[in-house]
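Below is one structure, written out as structure tokens; the observations come after it.
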Amino acid sequence: FAAVVMIIVFVIHLIDIVRLKKKEFKSWKEILLGSNSMMFNKKDLQDITGSLKWFIGIGPRPEYGRWTYWEKFDYFAVFWGMCVIGSTGLILWFPEFFTNFIPGWLLNVATIIHSDEALLATGFIFTVHFFNTHLRPEKFPMDLVIFSGRVPLEEFKLDRPAEYKEMVAKGELEKHLVEEYPPIVIRGMKIFGWTALITGFSIVIWIVYAMIFVYR
């Protein structure tokens, strides 16, 4: 069931990219290589270097744009993972069918790749992703923008100064301003977020417990 859901979500995402192209009247080149693209570019390298300098106190905080380099890492970790886990999962799901086209030993390879990629994804989520999303001081304990799609203007200025300046320069800032959600809606988002966060940490504890005390 989980495999089917993941494949459906992945296909929907690809369809959404096509829909975005039609809506924005952009070429594929602009979508993939434009300033607001999820593809890595020269600015990401500059932001990484600038961030390292900022971390050790020898430089200012970089002016991040629409997407930060760590968000792109998050995105491509999932994109890569979907291809790897999805393809190997299908092979393991229907071994009789796929062994009509591939040698049997590739099932063993698929098993190793599938399990190792799952472990890699779990490790990435509970280290890099959790830090960026939950443990950064300015975002602790969670960033509600994932639920609301909205961010306070002052926070937007601080987090995405390059994008903010670009919107102001183009005169597009006003059309993106919206009212804040009612407190009861925000409270519901926090309850859901805390539930998901606690569930995630609980799963990690169970995994560690199983690795130490069960698998011997």
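Ordering of the structure tokens sets the chain letters (A, B, ...); residue numbers start at 1 within each chain; ligands are numbered from 1 in the order shown.
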
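Non-sequential neighbours of range 141-157 of chain A (distance at most 9 Å, separation of 3 or more positions within a chain, only C-alpha atoms) are Thr133, His134, Leu135, Arg136, Pro137, Glu138, Arg160, Pro161, Ala162, Glu163, Tyr164, Lys165, Leu177, Val178, Glu179, Glu180, Tyr181, Ile186, Met189, Lys190, Gly193, Trp194 and Leu197 of chain A.
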
Keeping only N, CA and C atoms, write those residues as a PDB file, in the first residue's frame.
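File written: out-v1.pdb
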ATOM      1  N   THR A 133      14.449  21.877   9.671  1.00  0.00           N
ATOM      2  CA  THR A 133      13.015  22.127   9.792  1.00  0.00           C
ATOM      3  C   THR A 133      12.563  22.364  11.227  1.00  0.00           C
ATOM      4  N   HIS A 134      13.211  21.698  12.175  1.00  0.00           N
ATOM      5  CA  HIS A 134      12.713  21.744  13.549  1.00  0.00           C
ATOM      6  C   HIS A 134      13.698  22.314  14.567  1.00  0.00           C
ATOM      7  N   LEU A 135      14.974  22.111  14.371  1.00  0.00           N
ATOM      8  CA  LEU A 135      15.935  22.419  15.426  1.00  0.00           C
ATOM      9  C   LEU A 135      16.670  23.739  15.243  1.00  0.00           C
ATOM     10  N   ARG A 136      16.516  24.387  14.099  1.00  0.00           N
ATOM     11  CA  ARG A 136      17.117  25.709  13.961  1.00  0.00           C
ATOM     12  C   ARG A 136      16.430  26.666  14.930  1.00  0.00           C
ATOM     13  N   PRO A 137      17.184  27.507  15.619  1.00  0.00           N
ATOM     14  CA  PRO A 137      16.578  28.391  16.632  1.00  0.00           C
ATOM     15  C   PRO A 137      15.405  29.207  16.108  1.00  0.00           C
ATOM     16  N   GLU A 138      15.515  29.728  14.876  1.00  0.00           N
ATOM     17  CA  GLU A 138      14.440  30.580  14.362  1.00  0.00           C
ATOM     18  C   GLU A 138      13.222  29.787  13.902  1.00  0.00           C
ATOM     19  N   ARG A 160      14.320  35.208   3.384  1.00  0.00           N
ATOM     20  CA  ARG A 160      14.500  35.230   1.928  1.00  0.00           C
ATOM     21  C   ARG A 160      14.730  36.664   1.434  1.00  0.00           C
ATOM     22  N   PRO A 161      15.779  37.301   1.890  1.00  0.00           N
ATOM     23  CA  PRO A 161      15.987  38.706   1.501  1.00  0.00           C
ATOM     24  C   PRO A 161      16.133  38.906   0.000  1.00  0.00           C
ATOM     25  N   ALA A 162      16.769  37.964  -0.682  1.00  0.00           N
ATOM     26  CA  ALA A 162      16.950  38.108  -2.128  1.00  0.00           C
ATOM     27  C   ALA A 162      15.605  38.051  -2.848  1.00  0.00           C
ATOM     28  N   GLU A 163      14.747  37.125  -2.440  1.00  0.00           N
ATOM     29  CA  GLU A 163      13.428  37.021  -3.063  1.00  0.00           C
ATOM     30  C   GLU A 163      12.569  38.230  -2.712  1.00  0.00           C
ATOM     31  N   TYR A 164      12.672  38.696  -1.472  1.00  0.00           N
ATOM     32  CA  TYR A 164      11.912  39.879  -1.051  1.00  0.00           C
ATOM     33  C   TYR A 164      12.301  41.095  -1.891  1.00  0.00           C
ATOM     34  N   LYS A 165      13.596  41.313  -2.054  1.00  0.00           N
ATOM     35  CA  LYS A 165      14.058  42.462  -2.840  1.00  0.00           C
ATOM     36  C   LYS A 165      13.629  42.339  -4.302  1.00  0.00           C
ATOM     37  N   LEU A 177       0.516  39.398  -0.615  1.00  0.00           N
ATOM     38  CA  LEU A 177       0.158  39.604   0.787  1.00  0.00           C
ATOM     39  C   LEU A 177      -1.243  39.057   1.063  1.00  0.00           C
ATOM     40  N   VAL A 178      -1.378  38.275   2.132  1.00  0.00           N
ATOM     41  CA  VAL A 178      -2.661  37.675   2.505  1.00  0.00           C
ATOM     42  C   VAL A 178      -2.862  37.827   4.011  1.00  0.00           C
ATOM     43  N   GLU A 179      -4.091  37.604   4.443  1.00  0.00           N
ATOM     44  CA  GLU A 179      -4.407  37.675   5.864  1.00  0.00           C
ATOM     45  C   GLU A 179      -3.908  36.417   6.583  1.00  0.00           C
ATOM     46  N   GLU A 180      -3.580  36.587   7.846  1.00  0.00           N
ATOM     47  CA  GLU A 180      -3.147  35.448   8.645  1.00  0.00           C
ATOM     48  C   GLU A 180      -4.337  34.564   8.981  1.00  0.00           C
ATOM     49  N   TYR A 181      -4.088  33.269   9.127  1.00  0.00           N
ATOM     50  CA  TYR A 181      -5.156  32.344   9.493  1.00  0.00           C
ATOM     51  C   TYR A 181      -5.655  32.650  10.909  1.00  0.00           C
ATOM     52  N   ILE A 186      -4.472  27.969  13.327  1.00  0.00           N
ATOM     53  CA  ILE A 186      -3.050  27.852  13.678  1.00  0.00           C
ATOM     54  C   ILE A 186      -2.861  26.804  14.769  1.00  0.00           C
ATOM     55  N   MET A 189      -3.041  23.391  13.296  1.00  0.00           N
ATOM     56  CA  MET A 189      -1.796  23.066  12.593  1.00  0.00           C
ATOM     57  C   MET A 189      -0.716  22.631  13.572  1.00  0.00           C
ATOM     58  N   LYS A 190      -0.633  23.332  14.695  1.00  0.00           N
ATOM     59  CA  LYS A 190       0.385  22.993  15.691  1.00  0.00           C
ATOM     60  C   LYS A 190       0.120  21.621  16.303  1.00  0.00           C
ATOM     61  N   GLY A 193       1.115  19.128  13.751  1.00  0.00           N
ATOM     62  CA  GLY A 193       2.568  19.121  13.625  1.00  0.00           C
ATOM     63  C   GLY A 193       3.244  18.422  14.787  1.00  0.00           C
ATOM     64  N   TRP A 194       2.786  18.720  16.002  1.00  0.00           N
ATOM     65  CA  TRP A 194       3.366  18.068  17.181  1.00  0.00           C
ATOM     66  C   TRP A 194       3.099  16.564  17.164  1.00  0.00           C
ATOM     67  N   LEU A 197       5.475  15.091  14.712  1.00  0.00           N
ATOM     68  CA  LEU A 197       6.844  15.166  15.219  1.00  0.00           C
ATOM     69  C   LEU A 197       7.097  14.104  16.290  1.00  0.00           C
TER      70      LEU A 197
END

In range 2-216 of chain A, DSSP helix (DSSP H, G or I) residues written as a PyMOL selection string: chain A and resi 2-24+28-33+42-55+69-93+95-98+105-135+145-148+153-159+161-170+174-176+183-214

Enumerate, in order of chain and increasing residue number, the residues of range 79-195 of chain A with an atom no farther than 9 Å from range 200-216 of chain A, each with its shortest atom pair and distance in Å to one decimal, counting only C-alpha atoms, as a Markdown table.
| residue | atom | partner | partner_atom | distance |
| --- | --- | --- | --- | --- |
| A:Thr122 | CA | A:Val204 | CA | 8.7 |
| A:Phe126 | CA | A:Val204 | CA | 8.1 |
| A:Thr195 | CA | A:Gly200 | CA | 8.6 |

The selected residues should be written to file as an mmCIF file, in the first residue's frame (atoms: N, CA and C atoms).
data_model
loop_
_atom_site.group_PDB
_atom_site.id
_atom_site.type_symbol
_atom_site.label_atom_id
_atom_site.label_comp_id
_atom_site.auth_asym_id
_atom_site.auth_seq_id
_atom_site.Cartn_x
_atom_site.Cartn_y
_atom_site.Cartn_z
ATOM 1 N N THR A 122 16.079 7.521 5.906
ATOM 2 C CA THR A 122 15.732 7.708 7.313
ATOM 3 C C THR A 122 16.804 8.518 8.036
ATOM 4 N N PHE A 126 16.179 12.317 9.712
ATOM 5 C CA PHE A 126 16.313 12.575 11.143
ATOM 6 C C PHE A 126 17.628 13.256 11.517
ATOM 7 N N THR A 195 1.905 16.190 16.719
ATOM 8 C CA THR A 195 1.576 14.760 16.635
ATOM 9 C C THR A 195 2.515 14.043 15.671
#

Would you give me, as JSON lines, each residue of range 63-118 of chain A having an atom within 12 Å of an atom of range 25-47 of chain A, along with its shortest atom pair and that distance in Å to one decimal, using only C-alpha atoms and sorting by chain and residue number?
{"residue": "A:Glu63", "atom": "CA", "partner": "A:Asp47", "partner_atom": "CA", "distance": 7.7}
{"residue": "A:Tyr64", "atom": "CA", "partner": "A:Asp47", "partner_atom": "CA", "distance": 7.1}
{"residue": "A:Gly65", "atom": "CA", "partner": "A:Asn36", "partner_atom": "CA", "distance": 7.9}
{"residue": "A:Arg66", "atom": "CA", "partner": "A:Asn36", "partner_atom": "CA", "distance": 6.0}
{"residue": "A:Trp67", "atom": "CA", "partner": "A:Met38", "partner_atom": "CA", "distance": 6.9}
{"residue": "A:Thr68", "atom": "CA", "partner": "A:Asp44", "partner_atom": "CA", "distance": 7.2}
{"residue": "A:Tyr69", "atom": "CA", "partner": "A:Asp44", "partner_atom": "CA", "distance": 5.4}
{"residue": "A:Trp70", "atom": "CA", "partner": "A:Asp44", "partner_atom": "CA", "distance": 9.1}
{"residue": "A:Glu71", "atom": "CA", "partner": "A:Met38", "partner_atom": "CA", "distance": 8.6}
{"residue": "A:Lys72", "atom": "CA", "partner": "A:Met38", "partner_atom": "CA", "distance": 5.9}
{"residue": "A:Phe73", "atom": "CA", "partner": "A:Phe40", "partner_atom": "CA", "distance": 8.9}
{"residue": "A:Asp74", "atom": "CA", "partner": "A:Met38", "partner_atom": "CA", "distance": 10.4}
{"residue": "A:Tyr75", "atom": "CA", "partner": "A:Met38", "partner_atom": "CA", "distance": 7.9}
{"residue": "A:Phe76", "atom": "CA", "partner": "A:Met38", "partner_atom": "CA", "distance": 8.6}
{"residue": "A:Phe79", "atom": "CA", "partner": "A:Met38", "partner_atom": "CA", "distance": 11.3}

Surrounding residues of range 85-101 of chain A excluding itself and chain neighbours under 5 positions, 8 Å, only C-alpha atoms, as a ChimeraX atom specification: /A:3,6-7,107,110-111,113-114,117-118

Could you please take those selected residues and save N, CA and C atoms as a PDB file, in the first residue's frame?
ATOM      1  N   ALA A   3       3.858   1.589  -1.076  1.00  0.00           N
ATOM      2  CA  ALA A   3       4.519   1.733  -2.374  1.00  0.00           C
ATOM      3  C   ALA A   3       3.587   2.382  -3.391  1.00  0.00           C
ATOM      4  N   MET A   6       3.250   6.104  -2.632  1.00  0.00           N
ATOM      5  CA  MET A   6       4.452   6.852  -3.005  1.00  0.00           C
ATOM      6  C   MET A   6       4.536   7.052  -4.509  1.00  0.00           C
ATOM      7  N   ILE A   7       4.209   6.018  -5.266  1.00  0.00           N
ATOM      8  CA  ILE A   7       4.250   6.125  -6.725  1.00  0.00           C
ATOM      9  C   ILE A   7       3.203   7.123  -7.211  1.00  0.00           C
ATOM     10  N   LEU A 107      17.777  -9.594  -8.207  1.00  0.00           N
ATOM     11  CA  LEU A 107      16.832  -9.488  -7.093  1.00  0.00           C
ATOM     12  C   LEU A 107      17.584  -9.246  -5.785  1.00  0.00           C
ATOM     13  N   ALA A 110      18.705  -5.700  -5.877  1.00  0.00           N
ATOM     14  CA  ALA A 110      17.570  -4.817  -5.606  1.00  0.00           C
ATOM     15  C   ALA A 110      17.235  -4.791  -4.117  1.00  0.00           C
ATOM     16  N   THR A 111      17.340  -5.947  -3.465  1.00  0.00           N
ATOM     17  CA  THR A 111      17.065  -6.015  -2.021  1.00  0.00           C
ATOM     18  C   THR A 111      18.041  -5.148  -1.238  1.00  0.00           C
ATOM     19  N   ILE A 113      19.920  -2.602  -2.398  1.00  0.00           N
ATOM     20  CA  ILE A 113      19.738  -1.186  -2.733  1.00  0.00           C
ATOM     21  C   ILE A 113      18.491  -0.633  -2.051  1.00  0.00           C
ATOM     22  N   HIS A 114      17.418  -1.409  -2.081  1.00  0.00           N
ATOM     23  CA  HIS A 114      16.149  -0.958  -1.504  1.00  0.00           C
ATOM     24  C   HIS A 114      16.291  -0.698  -0.001  1.00  0.00           C
ATOM     25  N   GLU A 117      18.881   2.251   0.701  1.00  0.00           N
ATOM     26  CA  GLU A 117      18.312   3.561   0.378  1.00  0.00           C
ATOM     27  C   GLU A 117      17.289   3.975   1.430  1.00  0.00           C
ATOM     28  N   ALA A 118      16.523   3.017   1.924  1.00  0.00           N
ATOM     29  CA  ALA A 118      15.562   3.323   2.989  1.00  0.00           C
ATOM     30  C   ALA A 118      16.283   3.788   4.249  1.00  0.00           C
TER      31      ALA A 118
END

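You will find CA of Asp159 in chain A at 26.8 Å from CA of Lys23 in chain A.
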
Length of the CA of Ala121 in chain A to CA of Ile15 in chain A vector [Å]: 23.9 Å
